[in-house]
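S.K.: Okay, here's the structure, questions in a sec.
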Amino acid sequence: MVELLSFSRKERLRVRCQVPAGDPVVASLFDLWPGSEAHERETFDMFGIRFSDHPDLTRILMPEDWEGHPLRKDYAPAHVPVQFKEPRSEKASRAVASRGRPDRPVEG
């Protein structure tokens with residue numbers, strides 16, 4: 001989807017198209033509207049939709065060696081384990097046990 005605005009005519013045009021999942025390719029708007037260059041690159045990077053006749057269809061947000069497209073529904077996110085730096089101090093443990101209020105005594 002792209003929105004084109006004409007400030008002089010006070011008009012707005014919204015262009016929407018569906019892309020087949022098996023071969024996500026649509027025509028580029030770059031020749032008509034050069035400002036679409038970064039938007040098309042971002043769409044390619046996040047969703048994997050290719051734009052035919054785009055002058056520089058390379059990744060813009062993700063690293064070049066990134067595999068896949070993170071905002072596609074079929075993209076499986078990798079599991080990153082949570083790592084804690086060091087155990088909680090005794091004072092912090094008491095504060096949590098007293099529901100975040102260090103002035104309240106810990107029962108038990």
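By convention in this document, the chains of the structure tokens carry letters A, B, ... by their order, each chain's residues are numbered from 1, and ligands are numbered from 1 in the order they are shown.
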Determine, counting only C-alpha atoms, which protein, DNA and RNA residues have an atom within 12 Å of an atom of range 7-21 of chain A; residues of the same chain fewer than 3 positions away are not included. Present the result as a count of residues only.

M.R.: 17

S.K.: What's the separation between CA of Tyr75 in chain A and CA of Ser28 in chain A, in Å to one decimal place?

M.R.: 24.2 Å

S.K.: Quick check, in Å to one decimal: how far apart do CA of Trp66 in chain A and CA of Thr43 in chain A lie?

M.R.: 14.9 Å

S.K.: How many Å separate CA of Asp53 in chain A from CA of Ser6 in chain A?

M.R.: 24.7 Å

S.K.: Determine which residues of range 19-90 of chain A receive a DSSP assignment of strand (DSSP E or B), computed from the backbone, and state them as a PyMOL selection string.

M.R.: chain A and resi 25-27+50-52

S.K.: Hey, what's within 12 Å of Glu64 in chain A if we count only C-alpha atoms and toss same-chain stuff fewer than 6 positions away? As a PyMOL selection string, please?

M.R.: chain A and resi 45+57-58

S.K.: Using only C-alpha atoms, can you tell me which of A:Phe30, A:Ala38, A:Phe44, A:Asp23 comes closest to Gly68 in chain A?

M.R.: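 The closest residue to Gly68 in chain A is A:Phe44.
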